[in-house]
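Chemist: Would you mind keeping the following structure in view while I ask a few things?
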2 protein chains.
Amino acid sequence: MNSTNVKQTPKTAITPTRLQDYPEWYQQVIKAADLAEISPVRGCMTIKPWGYAIWENIQRVLDDQLKATGHKNAYFPLLIPVSFLEKEAAHIEGFAKECAVVTHYRLGVNEEGKLIPTSPLEEPYIIRPTSETIIGEAFSRWVQSYRDLPLLINQWANIMRWEMRTRMFLRTSEFLWQEGHTAHATSKEAVDETLKILDLYTAFVENYLAMPVIKGEKSESERFPGAVNTYCIEAMMQDKKALQAGTSHYLGQNFSKAFHIKFSNDKGVEELAYTTSWGVSTRMIGGLIMTHSDDNGLVLPPKIAPLHVVILPMIHKEEQRADIMAYCEQLATDLRKVYFDQRPLAVEIDTRELTGGEKAWSWVKKGVPIRVEVGGKELQNNAVFVGRRDKEYKDRLSMSREQFINNIVTELEDLQTALLDRARAFQQQNTRIIDNKADFYDFFTKSDGGFALAHWNGDRAIEAKIKQDLNVTIRCIPLTEQPEPGQCIFSGGKSAQRVIFAKSY
Amino acid sequence: MNSTNVKQTPKTAITPTRLQDYPEWYQQVIKAADLAEISPVRGCMTIKPWGYAIWENIQRVLDDQLKATGHKNAYFPLLIPVSFLEKEAAHIEGFAKECAVVTHYRLGVNEEGKLIPTSPLEEPYIIRPTSETIIGEAFSRWVQSYRDLPLLINQWANIMRWEMRTRMFLRTSEFLWQEGHTAHATSKEAVDETLKILDLYTAFVENYLAMPVIKGEKSESERFPGAVNTYCIEAMMQDKKALQAGTSHYLGQNFSKAFHIKFSNDKGVEELAYTTSWGVSTRMIGGLIMTHSDDNGLVLPPKIAPLHVVILPMIHKEEQRADIMAYCEQLATDLRKVYFDQRPLAVEIDTRELTGGEKAWSWVKKGVPIRVEVGGKELQNNAVFVGRRDKEYKDRLSMSREQFINNIVTELEDLQTALLDRARAFQQQNTRIIDNKADFYDFFTKSDGGFALAHWNGDRAIEAKIKQDLNVTIRCIPLTEQPEPGQCIFSGGKSAQRVIFAKSY
């Protein structure tokens, strides 16, 4: 690598930049990092290997944590009889308008030689938009006695909601998620579970995805269809909009009533169980992209990156090829003996026949935390030339091989922390305490907005008006130890605490 | 535990026995082990935690092996446009008659207040019965140059084929699988990949599931729709029927032609790629059950068991409870430090309030390799009372705690080998070389049958007649180093080698 190559690269690897066109920048980051692509199926994406590897890391960590807290995985049918949806009134409202309906079980050939549906089903099915109903039906059989409780089940699955306006990872007709479903003997136990999972999600998203979030409860109008309470974690993207990164629902006895989930208590008396459900999805990858990435592409927190270190052999003289490659192989072997977050480092050598600049920039765009260039000079000095993804490309450093290996874990931990700190500072800088309506409207019309902490009296009509006027919603009522009461800035009425308003994805 | 409890247990834990009613025995083993249940969705099952944990172990091992051989995971849409199916003629034939068709994207309420499909789609979709078409379309964009080849992709997914006669794990409308899809520059490379995967499957099924298999090629009439050659592994169940445990297809240029998967070779000339596809599914769990289980329930090979050891505290005197529990906890802690097949032993203590016999038999039925009973006597003598799943319940052994821990790995390896050896001996005992038509018909009508190794001239009409007469098919043309030519026993014509005939699942 020399300075000529650096100058040849465009000023930013991604066009447009975040400032120029944030939504288009997002699509271009996905493309440049080769994370996913739009598929020929309406509203659905194909998750490409680099994107799927991130999802696999998310799955592995969360799955371990859910198992460690006593949850067991199971698998329920993809299809849901339409009659099941009818059993919970709020649930119909929420999902009937955007679902894929299976009506036939065979294709035949028509007069023009085209394939058309034949053999209609007696009762149509929908592809699961969520599984409370089909799992509720199973729980009604699995739960008989208080000894069967708590029942703690999780499912990794694909989900289908027929979205009209789609955006890769953030909102697609099909997406991947985990959905937890639990049943408990008492309301308290079910609420405790709901909040325990909210804490688990918070810790995961902050510690692994390096996304700072605010934990809170949804207002009534933003609740999951059929829930008594919906809790959520809300993150701030770089365009200052909110992204709901996970939800945890206390369902009370709503689904127990609809599906007859009953148990005999320790006195032999029959009771309805209390249930919960909760989930996080491939949407988190969208949040990850929009939280950390920059105008040169994806930036990955080391704890979730498919590769921690990429080694780039820089061969300018053919006679050095064998020695440089051997040097790189040995470096990779030594690095793979190092553990980070309880696993061996993931290291790859890029042997493609590209110029040094092309090679290095392809990994910048993919967000790999650490790039190591090895050329003749490094070979001679037993050194490495190191780039860290959150620093400027030009700020690469030469250091001894030993120093690099000895410090790699510290370096990755430092990068992980730096990303979280940077995102937290951004969120704080763009969060405003607002105490009157005029300032509130100005915040969302005359500035770029952000999170507004304001008093509200709980009235749905006010919430609806703000949404209509500003496209701003209550993201959550934060869970706080010491709620500070006050006066609603819209009505003057009583408010128990400030709530968070923002535009959102 | 004392002899009274043992006598109280029924002679066999599963009713009916294998001899009395094999198909019903199979269903009862699934129920007794709590592996899965029939769901309210036609032809679909719910995989319960114990069954899903087996699938997770299968996934983990296979996924590691596929990654180690250079394959990368990705995720493609669940839905396939009907027009895609139309592009490969054989493929239509194979899948159009049994597919779930999505025709609408919304439910509305009719005059009677029932939910009905509204908003028809312009073009219907089918739920993927396999993904060659949708992946072929993606490959046509991903493959441009010879530098993009080989392209080695794998997907873990749910699959839907509208089966009319279903049986849990073996044949259900929805099932889980992995499907590999690869593209290569030459026919030879693609054939090599097809056979390499067949070897990988063989090693996995034999070494992990302890199921001996025969590798072979399918006859033309049994080929995958759209394949040039289909290779398979065939196992023998305890009722002497064959089960196809995995398939690997060489697709030639059939799907490349249909989906325009083209690349510029190193001379800049455009060529069609050669593709492969291959898969194994939750069906393997059905094979596992039918290979090893006995009249007392499931028998699990240790390398795939969700639990290696279950510890059963046997508390007859309340004052011993604390000491017995502490002894069990320490035993579990010590066992979890032991590694088997590169992972720590999975150990659980069963603290349920059941009688000793109920507790022990519940784990016999679930197939846990090693049960350890700990009561007052064991506590006193620093001993354990050990049952091994492949031995008689009454043949439990008392041994010192130290001896047990020191030998546990050897014991599990021995059990793993014993299961494979037993299954291999059974397969050999029930495989017959048959040299004339009369003996062949007698084998399948006057005896219980098994695998018949016989000469066949390659004529489809003969194959069809045998299927009609005996419900017997050619399971495979074994891959053998030294094929032994001969005379077709049905026609007297030339035969290149013996093929395997059997009844099958």
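Residue numbering restarts at 1 for every chain of the structure tokens, chains are lettered A, B, ... in their displayed order, and ligands are numbered from 1 as they appear.
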At a cut-off of 9 Å, can you tabulate as CSV every residue of chain B near chain A together with its closest atom pair and the distance in Å to one decimal, using only C-alpha atoms and ordering rows by chain then number?
Modeler:
```
residue,atom,partner,partner_atom,distance
B:Ser39,CA,A:Pro77,CA,7.4
B:Pro40,CA,A:Pro81,CA,8.1
B:Val41,CA,A:Leu79,CA,6.8
B:Cys44,CA,A:Pro77,CA,6.3
B:Met45,CA,A:Pro77,CA,6.7
B:Thr46,CA,A:Phe76,CA,4.8
B:Ile47,CA,A:Tyr75,CA,5.0
B:Lys48,CA,A:Ala74,CA,5.1
B:Pro49,CA,A:Ala74,CA,4.8
B:Trp50,CA,A:Ala74,CA,8.2
B:Gly51,CA,A:Ala74,CA,8.0
B:Tyr52,CA,A:Ala74,CA,5.5
B:Ala53,CA,A:Asn73,CA,7.3
B:Lys72,CA,A:Pro49,CA,6.0
B:Asn73,CA,A:Pro49,CA,5.6
B:Ala74,CA,A:Pro49,CA,4.8
B:Tyr75,CA,A:Ile47,CA,5.0
B:Phe76,CA,A:Thr46,CA,4.7
B:Pro77,CA,A:Thr46,CA,6.2
B:Leu78,CA,A:Glu174,CA,7.7
B:Leu79,CA,A:Val41,CA,6.8
B:Ile80,CA,A:Val41,CA,7.0
B:Pro81,CA,A:Val41,CA,6.9
B:Val82,CA,A:Leu115,CA,7.0
B:Ser83,CA,A:Leu115,CA,7.7
B:Leu85,CA,A:Leu115,CA,8.7
B:Glu86,CA,A:Leu115,CA,7.3
B:Ile92,CA,A:Leu115,CA,8.9
B:Phe95,CA,A:Leu107,CA,8.7
B:Ala96,CA,A:Leu107,CA,5.0
B:Lys97,CA,A:Arg106,CA,4.9
B:Glu98,CA,A:Arg106,CA,5.3
B:Cys99,CA,A:Tyr105,CA,5.1
B:Ala100,CA,A:Tyr105,CA,4.5
B:Val101,CA,A:His104,CA,5.1
B:Val102,CA,A:Val102,CA,4.2
B:Thr103,CA,A:Val101,CA,6.2
B:His104,CA,A:Val101,CA,5.1
B:Tyr105,CA,A:Ala100,CA,4.5
B:Arg106,CA,A:Lys97,CA,5.0
B:Leu107,CA,A:Ala96,CA,5.0
B:Gly108,CA,A:Ala96,CA,7.0
B:Lys114,CA,A:Glu86,CA,8.0
B:Leu115,CA,A:Val82,CA,7.0
B:Ile116,CA,A:Pro124,CA,8.0
B:Pro117,CA,A:Val101,CA,6.7
B:Thr118,CA,A:Val101,CA,8.9
B:Pro124,CA,A:Pro117,CA,7.8
B:Tyr125,CA,A:Val41,CA,8.5
B:Ile126,CA,A:Val102,CA,8.7
B:Ile127,CA,A:Val102,CA,8.9
B:Ile134,CA,A:Pro40,CA,8.4
B:Glu137,CA,A:Pro40,CA,8.6
B:Ala138,CA,A:Ser39,CA,8.0
B:Ile153,CA,A:Pro49,CA,8.2
B:Ala157,CA,A:Asn158,CA,8.7
B:Asn158,CA,A:Leu78,CA,8.3
B:Arg161,CA,A:Tyr105,CA,8.9
B:Trp162,CA,A:Tyr105,CA,6.4
B:Glu174,CA,A:Pro77,CA,7.3
```
Chemist: Hey, what's within 8 Å of range 340-346 of chain A if we count only C-alpha atoms and toss same-chain stuff fewer than 6 positions away? As a VMD selection string, please?
Modeler: chain A and resid 303 306 to 309 409
Chemist: Got a sec: who's within 9 Å of range 442-457 of chain A, counting only C-alpha atoms, leaving out chain neighbours fewer than 5 positions off, as a PyMOL selection string?
Modeler: chain A and resi 236+239-242+427-437+462-463+470+472+475+485-503
Chemist: Using only C-alpha atoms for the distances, tell me which of B:Glu122, B:Leu300, B:Ala210, B:Asn57 is nearest to Ala33 in chain B.
Modeler: B:Leu300
Chemist: Figure out the distance between CA of Ala227 in chain A and CA of Phe204 in chain A, please, to one decimal in Å.
Modeler: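 About the pair CA of Phe204 in chain A and CA of Ala227 in chain A: they are 23.8 Å apart.
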Chemist: If DSSP is run on the backbone, what residues of range 168-313 of chain A are strand (DSSP E)? A reply as a ChimeraX atom specification would be ideal.
Modeler: /A:174-184,213-217,229-236,242-252,262-264,270-272,274-281,309-313
Chemist: What lies within 12 Å of Gly286 in chain A using only C-alpha atoms, ignoring chain neighbours under 2 positions off, as a ChimeraX atom specification?
Modeler: /A:23,26-27,29-30,35-36,51,54-55,167-172,175,209,211,235-238,243-245,280-284,288-293,298,300,505
Chemist: Write a file of the selected residues as a short mmCIF file (atom, residue, chain, number, x, y, z; two decimals), in the first residue's frame, keeping C-alpha atoms.
Modeler:
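Just written: out17.cif:
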```cif
data_model
loop_
_atom_site.label_atom_id
_atom_site.label_comp_id
_atom_site.auth_asym_id
_atom_site.auth_seq_id
_atom_site.Cartn_x
_atom_site.Cartn_y
_atom_site.Cartn_z
CA PRO A 23 -32.43 6.29 3.19
CA TYR A 26 -28.69 2.82 3.99
CA GLN A 27 -29.49 0.79 0.85
CA VAL A 29 -24.29 0.29 2.67
CA ILE A 30 -26.23 -2.99 2.44
CA LEU A 35 -25.46 -8.18 3.24
CA ALA A 36 -28.70 -8.78 1.37
CA GLY A 51 -25.65 -10.74 6.38
CA ILE A 54 -24.30 -11.70 11.45
CA TRP A 55 -27.72 -13.25 12.10
CA ARG A 167 -37.06 -1.72 3.43
CA MET A 168 -34.41 -4.42 3.75
CA PHE A 169 -33.96 -5.77 7.30
CA LEU A 170 -36.21 -3.06 8.77
CA ARG A 171 -39.52 -4.03 7.24
CA THR A 172 -39.92 -6.95 4.86
CA PHE A 175 -38.35 -11.92 8.20
CA LEU A 209 -24.71 -4.81 19.09
CA MET A 211 -26.70 -0.06 20.53
CA ALA A 235 -32.72 2.86 19.95
CA MET A 236 -31.80 6.06 18.13
CA MET A 237 -30.53 5.84 14.56
CA GLN A 238 -28.07 8.34 13.05
CA LEU A 243 -36.04 2.07 16.03
CA GLN A 244 -37.94 -0.44 18.14
CA ALA A 245 -35.32 -3.16 18.60
CA VAL A 280 -36.40 -9.89 18.32
CA SER A 281 -35.80 -10.23 14.61
CA THR A 282 -33.50 -9.63 11.65
CA ARG A 283 -34.64 -6.02 12.09
CA MET A 284 -31.84 -5.74 14.66
CA LEU A 288 -26.96 -2.25 13.73
CA ILE A 289 -26.29 -0.85 10.27
CA MET A 290 -27.97 2.48 10.97
CA THR A 291 -26.35 2.94 14.39
CA HIS A 292 -22.67 2.44 13.54
CA SER A 293 -22.07 2.58 9.82
CA LEU A 298 -20.69 -1.01 7.40
CA LEU A 300 -19.43 -4.00 12.89
CA TYR A 505 -38.95 3.30 11.63
#
```
Chemist: Can you tell me, as an MDAnalysis selection string, what residues are no more than 8 Å from Ile311 in chain A when counting only C-alpha atoms, ignoring any on the same chain fewer than 4 positions away?
Modeler: chainID A and resid 328 332 347:350 371:374
Chemist: Excluding Ala360 in chain B and its own-chain neighbours fewer than 3 positions away, which residues fall within 12 Å of it when counting only C-alpha atoms? Please give them as a PyMOL selection string.
Modeler: chain B and resi 1+5-6+9+13+296+309-314+349-352+354-357+363-368+370-374+385-389+393-394+396
Chemist: Taking C-alpha atoms for each residue, export the selection above as a short mmCIF file (atom, residue, chain, number, x, y, z; two decimals), in the first residue's frame.
Modeler:
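Done, and the output landed in part.cif:
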```cif
data_model
loop_
_atom_site.label_atom_id
_atom_site.label_comp_id
_atom_site.auth_asym_id
_atom_site.auth_seq_id
_atom_site.Cartn_x
_atom_site.Cartn_y
_atom_site.Cartn_z
CA MET B 1 -34.54 -48.34 43.95
CA ASN B 5 -40.32 -51.05 41.85
CA VAL B 6 -38.79 -52.93 38.97
CA THR B 9 -43.12 -51.55 35.72
CA ALA B 13 -42.86 -49.57 28.42
CA ASN B 296 -39.12 -49.65 26.11
CA VAL B 309 -26.34 -38.48 31.72
CA VAL B 310 -29.40 -38.02 33.90
CA ILE B 311 -28.94 -38.14 37.66
CA LEU B 312 -31.88 -39.45 39.67
CA PRO B 313 -31.91 -38.62 43.37
CA MET B 314 -33.76 -41.46 45.18
CA ILE B 349 -30.58 -33.81 37.78
CA ASP B 350 -34.22 -34.90 37.86
CA THR B 351 -35.68 -33.33 40.98
CA ARG B 352 -39.33 -34.11 40.26
CA LEU B 354 -42.03 -38.97 41.52
CA THR B 355 -41.39 -42.50 42.70
CA GLY B 356 -37.98 -43.88 41.76
CA GLY B 357 -39.44 -46.25 39.18
CA TRP B 363 -35.76 -41.38 31.05
CA VAL B 364 -35.61 -44.89 29.65
CA LYS B 365 -38.46 -43.91 27.34
CA LYS B 366 -36.66 -40.70 26.36
CA GLY B 367 -33.56 -42.70 25.41
CA VAL B 368 -30.96 -41.00 27.63
CA ILE B 370 -26.76 -43.18 30.98
CA ARG B 371 -28.97 -43.03 34.08
CA VAL B 372 -27.41 -42.68 37.51
CA GLU B 373 -29.45 -43.40 40.62
CA VAL B 374 -28.27 -41.93 43.89
CA PHE B 385 -26.06 -47.11 40.58
CA VAL B 386 -25.82 -46.97 36.80
CA GLY B 387 -28.15 -48.00 33.98
CA ARG B 388 -27.09 -47.99 30.32
CA ARG B 389 -29.90 -47.53 27.81
CA TYR B 393 -33.26 -52.29 32.94
CA LYS B 394 -32.51 -54.98 35.53
CA ARG B 396 -28.00 -51.81 36.40
#
```
Chemist: May I ask for the distance between CA of Trp177 in chain B and CA of Phe139 in chain B, given in Å to one decimal place?
Modeler: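 The value is 20.5 Å.
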Chemist: I want to know what sits within 6 Å of Tyr274 in chain A, based on only C-alpha atoms, with residues of the same chain fewer than 6 positions away left out; could you give that as a list in words?
Modeler: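 With the cut-off at 6 Å, the set is Ala183, His184, Ser187, Gly252 and Gln253 of chain A.
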Chemist: Work out how far CA of Ile304 in chain B is from CA of Ile58 in chain B, in Å to one decimal.
Modeler: 6.8 Å
Chemist: Please run DSSP on the backbone and report, as a PyMOL selection string, all residues within range 182-424 of chain A that come out as alpha helix (DSSP H).
Modeler: chain A and resi 187-207+254-259+283-292+321-336+356-366+376-381+401-424
Chemist: From the options A:Asp334, A:Asp323, A:Asp148, A:Asp439, which residue's atoms come nearest to Asn406 in chain A, counting only C-alpha atoms?
Modeler: A:Asp334
